[in-house]
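Enquirer: Okay, so here is upload.cif, and as you'll see once you scroll down, it has mmCIF, C-alpha atoms.
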data_upload
#
loop_
_atom_site.label_atom_id
_atom_site.label_comp_id
_atom_site.auth_asym_id
_atom_site.auth_seq_id
_atom_site.Cartn_x
_atom_site.Cartn_y
_atom_site.Cartn_z
CA MET H 371 23.41 -5.93 -41.80
CA SER H 372 22.23 -7.16 -38.41
CA ALA H 373 18.60 -6.75 -37.30
CA PRO H 374 17.81 -3.96 -34.84
CA ALA H 375 17.89 -5.07 -31.21
CA ILE H 376 14.38 -3.68 -30.79
CA ALA H 377 11.92 -2.81 -33.54
CA ALA H 378 8.30 -1.75 -33.03
CA HIS H 379 6.03 -0.76 -35.89
CA GLY H 380 2.59 0.82 -35.52
CA LEU H 381 2.40 -0.51 -31.98
CA GLU H 382 -1.00 -0.14 -30.35
CA LYS H 383 -2.37 -1.44 -27.07
CA ARG H 384 -5.92 -0.98 -25.86
CA PHE H 385 -7.46 -2.10 -22.58
CA GLY H 386 -11.17 -2.05 -23.36
CA TRP H 387 -11.90 1.56 -24.33
CA ALA H 388 -8.67 2.88 -22.84
CA VAL H 389 -5.83 3.40 -25.33
CA ALA H 390 -2.42 2.86 -23.67
CA LEU H 391 -0.33 3.03 -26.86
CA ALA H 392 -1.53 4.58 -30.10
CA GLY H 393 0.87 3.78 -32.93
CA VAL H 394 4.46 3.74 -31.64
CA ASP H 395 7.31 3.27 -34.12
CA LEU H 396 10.68 2.55 -32.58
CA VAL H 397 14.00 1.15 -33.80
CA VAL H 398 16.88 0.62 -31.37
CA PRO H 399 20.19 -0.64 -32.81
CA PRO H 400 22.27 -3.22 -30.91
CA GLY H 401 24.33 -1.70 -28.09
CA ALA H 402 22.31 1.53 -27.94
CA ALA H 403 20.79 2.94 -24.77
CA LEU H 404 17.41 4.65 -25.08
CA ALA H 405 15.45 6.45 -22.38
CA VAL H 406 11.66 6.30 -22.58
CA LEU H 407 10.49 9.38 -20.71
CA GLY H 408 7.03 10.57 -19.89
CA PRO H 409 4.60 11.27 -17.07
CA ASN H 410 2.61 8.58 -15.26
CA GLY H 411 0.09 6.97 -17.60
CA ALA H 412 2.01 7.93 -20.76
CA GLY H 413 2.35 4.25 -21.75
CA LYS H 414 5.97 3.59 -20.71
CA SER H 415 5.32 0.41 -18.72
CA THR H 416 2.90 -0.89 -21.36
CA LEU H 417 5.55 -0.35 -24.03
CA LEU H 418 8.16 -2.25 -22.01
CA ARG H 419 5.79 -5.15 -21.26
CA LEU H 420 4.97 -5.44 -24.97
CA LEU H 421 8.69 -5.43 -25.81
CA ALA H 422 9.29 -8.11 -23.18
CA GLY H 423 6.59 -10.33 -24.69
CA LEU H 424 4.42 -10.20 -21.57
CA ALA H 425 1.44 -8.80 -23.47
CA ARG H 426 0.18 -9.01 -27.03
CA PRO H 427 -0.22 -5.82 -29.06
CA SER H 428 -3.74 -4.82 -30.16
CA ALA H 429 -2.18 -3.78 -33.48
CA GLY H 430 1.30 -3.49 -34.95
CA SER H 431 4.34 -5.63 -34.35
CA VAL H 432 7.31 -5.94 -32.01
CA GLU H 433 10.56 -7.68 -32.82
CA ILE H 434 13.58 -8.41 -30.66
CA ASP H 435 16.69 -9.09 -32.71
CA GLY H 436 14.44 -9.87 -35.70
CA LEU H 437 12.27 -12.33 -33.72
CA ARG H 438 8.59 -11.92 -32.79
CA ALA H 439 8.60 -10.61 -29.20
CA GLN H 440 5.97 -13.08 -27.97
CA GLY H 441 8.08 -16.06 -29.05
CA ARG H 442 10.29 -18.11 -26.76
CA GLU H 443 13.50 -17.26 -28.68
CA ALA H 444 12.86 -13.53 -28.27
CA ARG H 445 12.03 -13.88 -24.55
CA ALA H 446 15.42 -15.57 -24.06
CA LYS H 447 17.13 -12.40 -25.34
CA VAL H 448 15.33 -10.01 -22.98
CA GLY H 449 15.92 -9.19 -19.33
CA LEU H 450 13.17 -7.12 -17.73
CA ILE H 451 13.94 -5.25 -14.53
CA GLY H 452 10.92 -3.47 -13.13
CA HIS H 453 9.88 -1.49 -10.10
CA GLU H 454 8.40 -4.81 -8.98
CA THR H 455 11.20 -7.26 -8.22
CA PHE H 456 9.68 -10.60 -9.42
CA LEU H 457 11.21 -12.14 -6.26
CA TYR H 458 9.69 -14.67 -3.82
CA PRO H 459 10.02 -13.34 -0.25
CA ALA H 460 10.18 -16.86 1.25
CA LEU H 461 13.21 -17.80 -0.88
CA THR H 462 16.75 -16.63 -0.25
CA ALA H 463 18.50 -14.32 -2.70
CA ARG H 464 20.51 -17.26 -4.05
CA GLU H 465 17.43 -19.51 -4.35
CA ASN H 466 15.58 -16.77 -6.25
CA LEU H 467 18.42 -16.47 -8.75
CA VAL H 468 18.87 -20.23 -9.12
CA PHE H 469 15.13 -20.55 -9.74
CA ALA H 470 15.24 -17.81 -12.41
CA GLY H 471 18.29 -19.50 -13.94
CA ARG H 472 16.48 -22.82 -14.17
CA LEU H 473 13.48 -21.13 -15.79
CA HIS H 474 15.84 -19.68 -18.39
CA ASP H 475 17.68 -22.97 -18.88
CA VAL H 476 20.97 -21.53 -17.62
CA PRO H 477 23.49 -24.38 -17.36
CA ASP H 478 24.76 -24.69 -13.78
CA PRO H 479 22.78 -21.73 -12.36
CA GLY H 480 24.32 -21.97 -8.85
CA PRO H 481 27.78 -20.53 -9.68
CA ARG H 482 26.15 -17.96 -12.00
CA ALA H 483 23.91 -16.84 -9.10
CA ASP H 484 26.91 -16.59 -6.77
CA ARG H 485 28.83 -14.46 -9.28
CA LEU H 486 25.91 -12.08 -9.85
CA LEU H 487 25.34 -11.71 -6.11
CA ALA H 488 29.04 -10.97 -5.63
CA GLU H 489 28.89 -8.29 -8.36
CA ALA H 490 25.85 -6.80 -6.62
CA GLY H 491 27.74 -6.77 -3.30
CA LEU H 492 25.26 -9.18 -1.73
CA SER H 493 27.37 -12.31 -1.16
CA GLY H 494 27.08 -11.86 2.61
CA VAL H 495 23.29 -12.07 2.53
CA ALA H 496 22.94 -14.61 -0.29
CA ASP H 497 21.38 -17.20 2.02
CA ARG H 498 18.87 -14.89 3.69
CA PRO H 499 15.21 -14.77 2.57
CA VAL H 500 14.63 -11.66 0.44
CA GLY H 501 11.46 -10.94 2.42
CA GLY H 502 13.71 -9.33 5.04
CA PHE H 503 15.68 -7.19 2.55
CA SER H 504 15.47 -3.40 2.28
CA ARG H 505 14.01 -1.99 -0.94
CA GLY H 506 17.51 -1.14 -2.22
CA MET H 507 18.88 -4.64 -1.55
CA ALA H 508 15.84 -6.29 -3.12
CA GLN H 509 16.27 -4.10 -6.21
CA ARG H 510 19.91 -5.20 -6.53
CA VAL H 511 18.79 -8.85 -6.37
CA ALA H 512 16.11 -8.02 -8.96
CA ILE H 513 18.78 -6.66 -11.31
CA ALA H 514 20.83 -9.84 -10.82
CA ARG H 515 17.67 -11.83 -11.56
CA GLY H 516 17.09 -9.92 -14.78
CA LEU H 517 20.67 -10.65 -15.89
CA VAL H 518 20.84 -14.29 -14.83
CA HIS H 519 20.53 -15.52 -18.43
CA ASP H 520 22.95 -12.87 -19.74
CA PRO H 521 20.40 -11.14 -22.02
CA PRO H 522 21.65 -8.87 -24.81
CA VAL H 523 18.58 -6.60 -24.40
CA VAL H 524 17.84 -5.12 -20.97
CA LEU H 525 14.54 -3.35 -20.29
CA LEU H 526 14.40 -1.25 -17.13
CA ASP H 527 11.01 -0.05 -15.93
CA GLU H 528 11.29 2.73 -13.32
CA PRO H 529 14.15 0.98 -11.48
CA PHE H 530 14.68 3.97 -9.15
CA THR H 531 11.14 3.92 -7.74
CA GLY H 532 11.05 3.78 -3.94
CA LEU H 533 14.83 4.01 -3.47
CA ASP H 534 16.47 6.49 -1.13
CA ARG H 535 19.29 8.70 -2.49
CA ARG H 536 22.09 6.36 -1.42
CA SER H 537 20.40 3.28 -2.92
CA ALA H 538 19.55 5.20 -6.10
CA SER H 539 23.18 6.27 -6.42
CA ARG H 540 24.42 2.67 -5.97
CA LEU H 541 21.88 1.47 -8.50
CA SER H 542 22.97 4.15 -10.95
CA GLU H 543 26.60 3.00 -10.57
CA ARG H 544 25.56 -0.62 -11.14
CA LEU H 545 23.57 0.28 -14.25
CA GLY H 546 26.50 2.35 -15.52
CA ALA H 547 28.73 -0.72 -15.17
CA LEU H 548 26.21 -2.83 -17.05
CA ARG H 549 25.99 -0.16 -19.73
CA SER H 550 29.69 -0.59 -20.45
CA GLU H 551 29.04 -4.26 -21.31
CA ARG H 552 27.52 -3.16 -24.64
CA ARG H 553 24.06 -4.51 -23.96
CA THR H 554 21.08 -2.78 -25.54
CA PHE H 555 19.36 -0.71 -22.88
CA LEU H 556 15.86 0.69 -22.73
CA LEU H 557 15.16 2.66 -19.59
CA ALA H 558 11.62 3.83 -18.85
CA THR H 559 11.47 6.56 -16.26
CA HIS H 560 9.97 9.93 -15.46
CA ASP H 561 13.25 10.97 -13.85
CA LEU H 562 15.16 12.89 -16.55
CA ALA H 563 18.31 13.47 -14.47
CA SER H 564 18.83 9.75 -13.68
CA ALA H 565 18.13 8.76 -17.27
CA LEU H 566 20.56 11.17 -18.90
CA ARG H 567 23.53 9.67 -17.03
CA LEU H 568 22.85 6.26 -18.55
CA VAL H 569 21.55 6.69 -22.11
CA ASP H 570 22.63 8.13 -25.46
CA SER H 571 19.17 8.83 -26.93
CA ALA H 572 15.65 9.40 -25.65
CA ILE H 573 11.99 9.55 -26.58
CA VAL H 574 9.17 11.26 -24.73
CA LEU H 575 5.85 9.46 -24.61
CA ALA H 576 2.63 11.40 -24.12
CA ARG H 577 -0.80 9.73 -24.09
CA GLY H 578 0.49 6.65 -25.87
CA ARG H 579 2.32 8.48 -28.68
CA ILE H 580 5.92 9.54 -29.20
CA ALA H 581 5.85 13.28 -28.65
CA HIS H 582 9.58 13.92 -28.99
CA ARG H 583 12.75 12.12 -30.13
CA SER H 584 16.37 12.92 -29.28
CA GLU H 585 18.69 11.23 -31.73
CA PRO H 586 21.79 9.25 -30.58
CA GLY H 587 24.58 11.45 -29.34
CA ALA H 588 22.43 14.59 -29.48
CA LEU H 589 20.63 14.56 -26.18
CA ASP H 590 19.20 18.01 -25.78
CA LEU H 591 18.26 18.63 -22.15
CA GLU H 592 16.23 21.75 -22.88
CA SER H 593 14.05 20.27 -25.59
CA LEU H 594 13.57 17.09 -23.53
CA ASP H 595 12.56 19.18 -20.53
CA ALA H 596 10.14 21.17 -22.69
CA ALA H 597 8.70 17.99 -24.23
CA LEU H 598 8.26 16.45 -20.76
CA ALA H 599 6.52 19.60 -19.51
CA ALA H 600 4.21 19.56 -22.53
CA ALA H 601 3.49 15.83 -22.01
CA ASP H 602 2.65 16.55 -18.38
CA ALA H 603 0.23 19.36 -19.23
CA PRO H 604 -3.46 18.52 -18.74
CA MET J 1312 11.14 -30.05 -18.31
CA ASN J 1313 13.61 -27.84 -16.39
CA ALA J 1314 10.85 -25.26 -15.90
CA PHE J 1315 8.46 -27.94 -14.62
CA LEU J 1316 10.94 -29.14 -11.99
CA ALA J 1317 11.96 -25.58 -11.09
CA VAL J 1318 8.36 -24.44 -10.48
CA LEU J 1319 7.53 -27.62 -8.54
CA TRP J 1320 10.64 -27.17 -6.35
CA LYS J 1321 9.92 -23.46 -5.82
CA ASP J 1322 6.26 -23.97 -4.87
CA LEU J 1323 6.97 -26.81 -2.45
CA LEU J 1324 9.88 -24.92 -0.87
CA CYS J 1325 7.76 -21.76 -0.43
CA GLU J 1326 4.99 -23.88 1.11
CA TRP J 1327 7.43 -25.72 3.38
CA ARG J 1328 8.79 -22.38 4.64
CA SER J 1329 5.37 -20.81 5.29
CA ARG J 1330 3.07 -23.85 5.71
CA ASP J 1331 0.11 -21.44 5.68
CA ARG J 1332 -1.73 -23.17 2.83
CA LEU J 1333 -1.17 -26.69 4.16
CA VAL J 1334 -2.29 -25.90 7.72
CA ALA J 1335 -5.38 -23.99 6.56
CA MET J 1336 -6.41 -26.79 4.21
CA LEU J 1337 -5.83 -29.50 6.84
CA VAL J 1338 -7.83 -27.77 9.56
CA PHE J 1339 -10.60 -26.70 7.19
CA SER J 1340 -11.12 -30.13 5.58
CA ALA J 1341 -11.15 -31.90 8.96
CA LEU J 1342 -13.64 -29.37 10.32
CA VAL J 1343 -15.95 -29.81 7.33
CA VAL J 1344 -16.11 -33.57 7.95
CA VAL J 1345 -16.83 -33.00 11.65
CA VAL J 1346 -19.52 -30.42 10.81
CA PHE J 1347 -21.17 -32.89 8.43
CA HIS J 1348 -21.17 -35.49 11.21
CA PHE J 1349 -22.99 -33.19 13.61
CA ALA J 1350 -25.24 -31.60 10.98
CA LEU J 1351 -26.67 -34.87 9.68
CA PRO J 1352 -29.40 -36.52 11.77
CA GLY J 1353 -28.65 -40.05 12.91
CA GLY J 1354 -24.89 -39.53 13.34
CA ALA J 1355 -23.12 -42.55 11.88
CA GLY J 1356 -26.28 -44.37 10.78
CA ALA J 1357 -26.60 -46.45 7.60
CA GLN J 1358 -28.15 -43.60 5.57
CA THR J 1359 -25.39 -41.21 6.56
CA ARG J 1360 -22.73 -43.80 5.75
CA ALA J 1361 -24.29 -44.23 2.30
CA ASN J 1362 -23.83 -40.49 1.69
CA ALA J 1363 -20.39 -40.42 3.28
CA PRO J 1364 -18.30 -40.76 0.04
CA GLY J 1365 -20.00 -37.64 -1.35
CA LEU J 1366 -19.46 -35.78 1.91
CA LEU J 1367 -15.79 -36.73 1.97
CA TRP J 1368 -15.28 -35.42 -1.58
CA VAL J 1369 -17.18 -32.21 -0.78
CA ALA J 1370 -14.72 -31.64 2.07
CA THR J 1371 -11.83 -32.35 -0.32
CA VAL J 1372 -13.15 -29.92 -2.94
CA PHE J 1373 -13.63 -27.16 -0.34
CA ALA J 1374 -10.08 -27.66 0.94
CA ALA J 1375 -8.72 -27.74 -2.62
CA LEU J 1376 -10.47 -24.46 -3.49
CA LEU J 1377 -8.92 -22.87 -0.42
CA GLY J 1378 -5.45 -24.05 -1.45
CA LEU J 1379 -5.78 -23.33 -5.17
CA GLY J 1380 -6.67 -19.72 -4.45
CA ARG J 1381 -3.39 -19.34 -2.56
CA ALA J 1382 -1.36 -21.19 -5.21
CA PHE J 1383 -1.33 -18.15 -7.50
CA ALA J 1384 -1.66 -15.53 -4.76
CA ILE J 1385 2.07 -16.04 -4.02
CA GLU J 1386 2.76 -15.10 -7.64
CA LEU J 1387 1.06 -11.70 -7.17
CA GLU J 1388 3.50 -10.50 -4.54
CA ASN J 1389 6.29 -8.55 -6.30
CA ASP J 1390 4.60 -9.41 -9.64
CA ALA J 1391 6.37 -12.78 -9.67
CA LEU J 1392 3.77 -13.97 -12.17
CA ALA J 1393 5.39 -11.69 -14.78
CA GLY J 1394 8.73 -13.27 -13.88
CA LEU J 1395 7.24 -16.68 -14.71
CA ALA J 1396 5.71 -15.41 -17.96
CA LEU J 1397 9.11 -14.05 -19.06
CA ALA J 1398 10.66 -17.51 -19.04
CA PRO J 1399 11.61 -18.61 -22.56
CA VAL J 1400 9.88 -21.97 -22.24
CA GLU J 1401 6.63 -23.60 -23.35
CA ARG J 1402 4.39 -22.12 -20.67
CA GLY J 1403 2.56 -25.43 -20.32
CA TRP J 1404 5.56 -26.69 -18.33
CA ILE J 1405 5.02 -23.86 -15.83
CA PHE J 1406 1.39 -24.98 -15.53
CA LEU J 1407 2.51 -28.58 -14.93
CA GLY J 1408 4.91 -27.45 -12.19
CA LYS J 1409 2.15 -25.51 -10.39
CA TRP J 1410 -0.29 -28.40 -10.93
CA ALA J 1411 2.13 -31.02 -9.55
CA ALA J 1412 2.79 -28.90 -6.45
CA ASN J 1413 -0.97 -28.58 -5.90
CA VAL J 1414 -1.42 -32.35 -6.28
CA VAL J 1415 1.34 -33.05 -3.73
CA ILE J 1416 -0.14 -30.60 -1.22
CA LEU J 1417 -3.71 -31.87 -1.72
CA ALA J 1418 -2.52 -35.48 -1.41
CA LEU J 1419 -0.87 -34.61 1.92
CA VAL J 1420 -4.06 -32.89 3.08
CA GLN J 1421 -6.43 -35.69 2.06
CA GLY J 1422 -5.05 -38.06 4.69
CA VAL J 1423 -6.43 -36.00 7.56
CA PRO J 1424 -10.11 -35.64 6.49
CA SER J 1425 -10.04 -39.31 5.49
CA LEU J 1426 -8.89 -40.25 8.98
CA VAL J 1427 -11.47 -37.99 10.62
CA PHE J 1428 -14.08 -39.36 8.22
CA ALA J 1429 -13.21 -42.98 9.16
CA ILE J 1430 -13.51 -42.14 12.86
CA VAL J 1431 -16.71 -40.09 12.89
CA PHE J 1432 -18.60 -42.19 10.34
CA GLU J 1433 -17.26 -45.47 11.74
CA VAL J 1434 -15.88 -46.64 8.40
CA ASP J 1435 -12.98 -49.10 8.24
CA LEU J 1436 -10.70 -47.81 5.48
CA LEU J 1437 -7.77 -50.14 6.22
CA PRO J 1438 -8.90 -53.11 4.05
CA VAL J 1439 -9.30 -50.81 1.02
CA LEU J 1440 -6.50 -48.39 1.84
CA TRP J 1441 -4.49 -48.69 -1.41
CA PRO J 1442 -7.38 -48.57 -3.91
CA PHE J 1443 -8.87 -45.75 -1.81
CA ALA J 1444 -5.56 -43.89 -2.05
CA GLY J 1445 -5.52 -44.55 -5.81
CA ILE J 1446 -9.03 -43.14 -6.33
CA SER J 1447 -8.18 -40.14 -4.14
CA LEU J 1448 -5.07 -39.48 -6.22
CA LEU J 1449 -6.95 -39.78 -9.52
CA GLY J 1450 -9.61 -37.40 -8.22
CA SER J 1451 -6.96 -34.94 -7.03
CA VAL J 1452 -5.18 -34.99 -10.40
CA GLY J 1453 -8.32 -33.86 -12.26
CA LEU J 1454 -9.39 -31.47 -9.52
CA CYS J 1455 -5.98 -29.77 -9.49
CA ALA J 1456 -5.72 -29.71 -13.31
CA ILE J 1457 -8.85 -27.66 -13.82
CA GLY J 1458 -8.37 -25.85 -10.50
CA THR J 1459 -4.83 -24.69 -11.31
CA LEU J 1460 -5.92 -23.34 -14.69
CA ALA J 1461 -8.95 -21.58 -13.17
CA ALA J 1462 -6.80 -20.12 -10.37
CA ALA J 1463 -4.42 -18.67 -12.99
CA VAL J 1464 -7.37 -17.13 -14.86
CA ALA J 1465 -8.95 -15.75 -11.67
CA VAL J 1466 -5.79 -14.39 -10.05
CA ARG J 1467 -5.63 -11.20 -12.16
CA THR J 1468 -9.29 -10.33 -11.55
CA ARG J 1469 -10.67 -8.19 -8.77
CA PHE J 1470 -13.07 -10.92 -7.60
CA ARG J 1471 -10.65 -13.85 -7.65
CA GLU J 1472 -11.95 -15.48 -4.45
CA LEU J 1473 -15.47 -15.42 -5.92
CA LEU J 1474 -14.49 -16.31 -9.47
CA LEU J 1475 -12.41 -19.39 -8.68
CA PRO J 1476 -15.27 -21.59 -7.37
CA LEU J 1477 -17.58 -20.27 -10.11
CA LEU J 1478 -15.08 -21.41 -12.75
CA VAL J 1479 -14.10 -24.69 -11.13
CA LEU J 1480 -17.29 -26.19 -9.69
CA PRO J 1481 -19.28 -26.56 -12.96
CA LEU J 1482 -16.30 -28.32 -14.58
CA LEU J 1483 -15.78 -30.70 -11.69
CA TRP J 1484 -18.79 -32.93 -12.22
CA PRO J 1485 -16.99 -35.70 -14.18
CA VAL J 1486 -14.17 -35.76 -11.61
CA LEU J 1487 -16.59 -35.81 -8.68
CA SER J 1488 -18.83 -38.36 -10.38
CA GLY J 1489 -15.94 -40.80 -10.90
CA ALA J 1490 -14.34 -40.17 -7.51
CA VAL J 1491 -17.58 -40.46 -5.49
CA ARG J 1492 -18.69 -43.59 -7.37
CA GLY J 1493 -15.28 -45.21 -6.94
CA THR J 1494 -15.15 -44.37 -3.23
CA ALA J 1495 -18.72 -45.63 -2.71
CA GLU J 1496 -17.93 -48.94 -4.44
CA LEU J 1497 -14.87 -49.40 -2.25
CA LEU J 1498 -16.75 -48.69 0.97
CA GLU J 1499 -19.79 -50.79 0.09
CA ALA J 1500 -18.32 -53.76 -1.77
CA GLY J 1501 -14.64 -53.55 -0.89
CA SER J 1502 -13.77 -53.68 -4.59
CA LEU J 1503 -13.59 -51.27 -7.50
CA SER J 1504 -15.04 -51.61 -11.02
CA PHE J 1505 -13.20 -50.16 -14.02
CA GLU J 1506 -15.98 -47.70 -14.93
CA PRO J 1507 -15.24 -44.89 -12.41
CA VAL J 1508 -11.49 -45.38 -12.91
CA GLN J 1509 -11.93 -45.04 -16.66
CA LEU J 1510 -14.02 -41.87 -16.22
CA LEU J 1511 -11.34 -40.37 -13.98
CA LEU J 1512 -8.48 -41.34 -16.31
CA VAL J 1513 -10.20 -39.83 -19.36
CA THR J 1514 -11.22 -36.65 -17.49
CA ASP J 1515 -7.77 -36.20 -15.95
CA ALA J 1516 -6.01 -36.63 -19.30
CA THR J 1517 -8.45 -34.25 -21.06
CA TYR J 1518 -8.15 -31.53 -18.42
CA LEU J 1519 -4.36 -31.84 -18.27
CA ILE J 1520 -3.91 -31.61 -22.03
CA LEU J 1521 -6.36 -28.69 -22.39
CA SER J 1522 -4.77 -26.80 -19.51
CA PHE J 1523 -1.23 -27.42 -20.83
CA LEU J 1524 -2.18 -26.01 -24.23
CA THR J 1525 -4.20 -23.00 -23.04
CA PHE J 1526 -1.82 -21.85 -20.29
CA GLU J 1527 0.25 -19.98 -22.91
CA TYR J 1528 -2.65 -17.52 -23.34
CA VAL J 1529 -3.64 -17.45 -19.66
CA LEU J 1530 -0.22 -16.02 -18.71
CA ASP J 1531 -0.51 -13.25 -21.31
CA GLU J 1532 -1.57 -9.90 -19.89
#
Go through the file and emit its structure as structure tokens.
Expert:
Amino acid sequence: MSAPAIAAHGLEKRFGWAVALAGVDLVVPPGAALAVLGPNGAGKSTLLRLLAGLARPSAGSVEIDGLRAQGREARAKVGLIGHETFLYPALTARENLVFAGRLHDVPDPGPRADRLLAEAGLSGVADRPVGGFSRGMAQRVAIARGLVHDPPVVLLDEPFTGLDRRSASRLSERLGALRSERRTFLLATHDLASALRLVDSAIVLARGRIAHRSEPGALDLESLDAALAAADAP
Amino acid sequence: MNAFLAVLWKDLLCEWRSRDRLVAMLVFSALVVVVFHFALPGGAGAQTRANAPGLLWVATVFAALLGLGRAFAIELENDALAGLALAPVERGWIFLGKWAANVVILALVQGVPSLVFAIVFEVDLLPVLWPFAGISLLGSVGLCAIGTLAAAVAVRTRFRELLLPLLVLPLLWPVLSGAVRGTAELLEAGSLSFEPVQLLLVTDATYLILSFLTFEYVLDE
């Protein structure tokens, strides 16, 4: 039996006295798509950064495909796409992707960058510095950057933040296309409607704990809505 | 190794496109030398010339601190630092890429204050140009090694502009000691003993190895 794509056990993260995560247990099988819902400050971004190996847990463990998340082998399997784009404004879209490809040891990153930019509908602006891009265009480049090494696990942290309706709709289409590629998806958002179009299960985080779980294939909008409202309550 | 070359290429390309760090460092270091010239009584007298190697290195350190602060500031925009930390490589190679870019930029900058220094303090650098360049490079290697690590530590703090010199300056004494002694020997005797070179080589190697090994933890959030 293959290892879960993502496994977190007793995951805790503290910043001084502040507790961001207080004992999260999570198992995501390969190919599944999970939404991590919750209000601001619930611990969604912290959870994703721990899964991506960007931070070390204060207690508990995180594994990606059976590998310790902080290790190099696990980082190679993860693509993180955040509300920040990780892009250098002075570099062109193509240069940003080639740079990310080189960091991830992608053989021949130039053609890979060109293909990803074509899929994102950005071939025409590939040689323009991303500093002049709109938020929607920059987010599409950021998605291409997150996929440059073809990761089996994709972590999305509030990817719709700051996008207008048209850009959000295009992004949703793009994520839907990626979803069909059988990658493991984890989408952190406070936007229930956007999330439900893309995932098959969900959890609601409240004050660093899992307050509600919807099992695969049984997404219950009402109970999710109620759990989100309870998580949002003071 | 790929990550080292990628980060070096990226940093130099970003700097070439903006040139903000290079221009600021050039102007600042030249101005510091000129200010020293006017601030010291006796202008280009013998006493001033005796202190000149120290003054030149003070100007270099000030310029380096200015540039090192910016070296990681470009990683804050769009949280690019997280993008670097996500790379599935030994993070020490990322450090070496940033360090090498800083050394290249500082080496380019050092020419200008040295020229201004030679003019205002009436020092003939031409007969000792190559050993002078060698000592400058050795000094820059150590300065950038500890400076790049400190800049990475300071960049996520609220007081990064204040913290960077506080972290770097106390650790610079062996680099400054070797570099100032080497420069003084060259200007006074026209030759260089092995002692300051040895001090610089040992310090540079120590700082580079320590920084390479600890950068893994510096990039963690």
Enquirer: Env of stretch 446-456 of chain H: 8 Å cut, atoms = all atoms listed in the file, seq-sep filter 4 positions within chain, self excluded. Answer as an NGL selection string.
Expert: (:H and (422 or 434 or 442 or 474 or 508-509 or 511-513 or 516-517 or 519-531)) or (:J and (1388-1394 or 1398-1399))
Enquirer: Since we have the selection now, will you write its residues out, keeping C-alpha atoms, as a compact mmCIF listing (two decimals), keeping the file's coordinate frame?
Expert:
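Saved result, part10.txt, follows:
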# COMPACT_ATOMS: atom_id res chain seq x y z
CA ALA H 422 9.29 -8.11 -23.18
CA ILE H 434 13.58 -8.41 -30.66
CA ARG H 442 10.29 -18.11 -26.76
CA HIS H 474 15.84 -19.68 -18.39
CA ALA H 508 15.84 -6.29 -3.12
CA GLN H 509 16.27 -4.10 -6.21
CA VAL H 511 18.79 -8.85 -6.37
CA ALA H 512 16.11 -8.02 -8.96
CA ILE H 513 18.78 -6.66 -11.31
CA GLY H 516 17.09 -9.92 -14.78
CA LEU H 517 20.67 -10.65 -15.89
CA HIS H 519 20.53 -15.52 -18.43
CA ASP H 520 22.95 -12.87 -19.74
CA PRO H 521 20.40 -11.14 -22.02
CA PRO H 522 21.65 -8.87 -24.81
CA VAL H 523 18.58 -6.60 -24.40
CA VAL H 524 17.84 -5.12 -20.97
CA LEU H 525 14.54 -3.35 -20.29
CA LEU H 526 14.40 -1.25 -17.13
CA ASP H 527 11.01 -0.05 -15.93
CA GLU H 528 11.29 2.73 -13.32
CA PRO H 529 14.15 0.98 -11.48
CA PHE H 530 14.68 3.97 -9.15
CA THR H 531 11.14 3.92 -7.74
CA GLU J 1388 3.50 -10.50 -4.54
CA ASN J 1389 6.29 -8.55 -6.30
CA ASP J 1390 4.60 -9.41 -9.64
CA ALA J 1391 6.37 -12.78 -9.67
CA LEU J 1392 3.77 -13.97 -12.17
CA ALA J 1393 5.39 -11.69 -14.78
CA GLY J 1394 8.73 -13.27 -13.88
CA ALA J 1398 10.66 -17.51 -19.04
CA PRO J 1399 11.61 -18.61 -22.56
Enquirer: For the PyMOL selection byres ((chain J) within 9 of (chain H)), applied here, can you spell out every residue it catches as a compact mmCIF listing (two decimals) with C-alpha atoms, in the coordinates of the input?
Expert:
# COMPACT_ATOMS: atom_id res chain seq x y z
CA ASN J 1313 13.61 -27.84 -16.39
CA ALA J 1314 10.85 -25.26 -15.90
CA PHE J 1315 8.46 -27.94 -14.62
CA LEU J 1316 10.94 -29.14 -11.99
CA ALA J 1317 11.96 -25.58 -11.09
CA VAL J 1318 8.36 -24.44 -10.48
CA TRP J 1320 10.64 -27.17 -6.35
CA LYS J 1321 9.92 -23.46 -5.82
CA LEU J 1324 9.88 -24.92 -0.87
CA CYS J 1325 7.76 -21.76 -0.43
CA GLU J 1326 4.99 -23.88 1.11
CA ARG J 1328 8.79 -22.38 4.64
CA SER J 1329 5.37 -20.81 5.29
CA ILE J 1385 2.07 -16.04 -4.02
CA GLU J 1386 2.76 -15.10 -7.64
CA LEU J 1387 1.06 -11.70 -7.17
CA GLU J 1388 3.50 -10.50 -4.54
CA ASN J 1389 6.29 -8.55 -6.30
CA ASP J 1390 4.60 -9.41 -9.64
CA ALA J 1391 6.37 -12.78 -9.67
CA LEU J 1392 3.77 -13.97 -12.17
CA ALA J 1393 5.39 -11.69 -14.78
CA GLY J 1394 8.73 -13.27 -13.88
CA LEU J 1395 7.24 -16.68 -14.71
CA ALA J 1396 5.71 -15.41 -17.96
CA LEU J 1397 9.11 -14.05 -19.06
CA ALA J 1398 10.66 -17.51 -19.04
CA PRO J 1399 11.61 -18.61 -22.56
CA VAL J 1400 9.88 -21.97 -22.24
CA GLU J 1401 6.63 -23.60 -23.35
CA ILE J 1405 5.02 -23.86 -15.83
CA LEU J 1530 -0.22 -16.02 -18.71
CA ASP J 1531 -0.51 -13.25 -21.31
CA GLU J 1532 -1.57 -9.90 -19.89
Enquirer: I'd like to know which of H:Ala388, H:Leu492, H:Ala463, H:Leu396 is closest to H:Gly480, using only C-alpha atoms.
Expert: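 Among H:Ala388, H:Leu492, H:Ala463, H:Leu396, it is H:Ala463 that comes nearest to H:Gly480.
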